[in-house]
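First comes the structure, then the notes that go with it.
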Amino acid sequence: MNLYELLASRFPADRSKPAFLLPDGGAISYGALEDDVARTAALLVEYEVEPGDRVALQS
């Protein structure tokens, strides 16, 4: 099981619920988080990143 699978197994059925509450009062939903992770994973595949490669992410 990878980190995403571990986290996703705890996601609520209603993906519109907030996963993160932001200091400005906003929120990031589980659905938006899932979409962002999928986009990032697709880019890593596109750039041929393989298990064991080192990757730095900055937001």
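Identifiers in the structure tokens: chain A, B, ... in order shown; residue index from 1 per chain; ligand index from 1 in order shown.
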Legend entry - 9 Å contact set for Pro18 in chain A, only C-alpha atoms, chain neighbours under 6 positions out, as number ranges by chain: A: 27-31
Legend entry - Contacts of range 3-15 of chain A at 12 Å (only C-alpha atoms; same-chain gap of 4+ positions) as a PyMOL selection string: chain A and resi 19+28-38+40-41
Inset, instruction - Using CA of Lys17 in chain A and CA of Ser59 in chain A as the two end points, give the distance in Å to one decimal. - result: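 Computing the Euclidean distance for CA of Lys17 in chain A and CA of Ser59 in chain A yields 21.8 Å.
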Legend entry - alpha helix (DSSP H) positions in range 11-52 of chain A, given as a list of chain:residue names: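 Alpha helix (DSSP H) assignments inside range 11-52 of chain A correspond to A:Tyr30, A:Gly31, A:Ala32, A:Leu33, A:Glu34, A:Asp35, A:Asp36, A:Val37, A:Ala38, A:Arg39, A:Thr40, A:Ala41, A:Ala42, A:Leu43, A:Leu44, A:Val45, A:Glu46.
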Inset, instruction - Extract the full set of strand (DSSP E or B) residues from chain A according to DSSP on the backbone, and format it as a list in words. - result: Pro18, Ala19, Phe20, Leu21, Ala27, Ile28 and Ser29 of chain A
Written selection (C-alpha atoms) as a PDB file, in the first residue's frame:
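Output (out01.pdb):
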```pdb
ATOM      1  CA  PRO A  18     -13.190  19.739   3.592  1.00  0.00           C
ATOM      2  CA  ALA A  19      -9.858  17.920   3.793  1.00  0.00           C
ATOM      3  CA  PHE A  20      -7.953  21.061   4.825  1.00  0.00           C
ATOM      4  CA  LEU A  21      -9.185  24.247   6.460  1.00  0.00           C
ATOM      5  CA  ALA A  27     -11.097  24.982   2.481  1.00  0.00           C
ATOM      6  CA  ILE A  28      -9.734  22.342   0.135  1.00  0.00           C
ATOM      7  CA  SER A  29     -12.195  19.505  -0.380  1.00  0.00           C
TER       8      SER A  29
END
```
Inset, instruction - Extract, using only C-alpha atoms, all DNA, RNA and protein residues at most 10 Å from Val55 in chain A, discarding same-chain residues fewer than 4 positions from it, and format them as an MDAnalysis selection string. - result: chainID A and resid 44 49:50
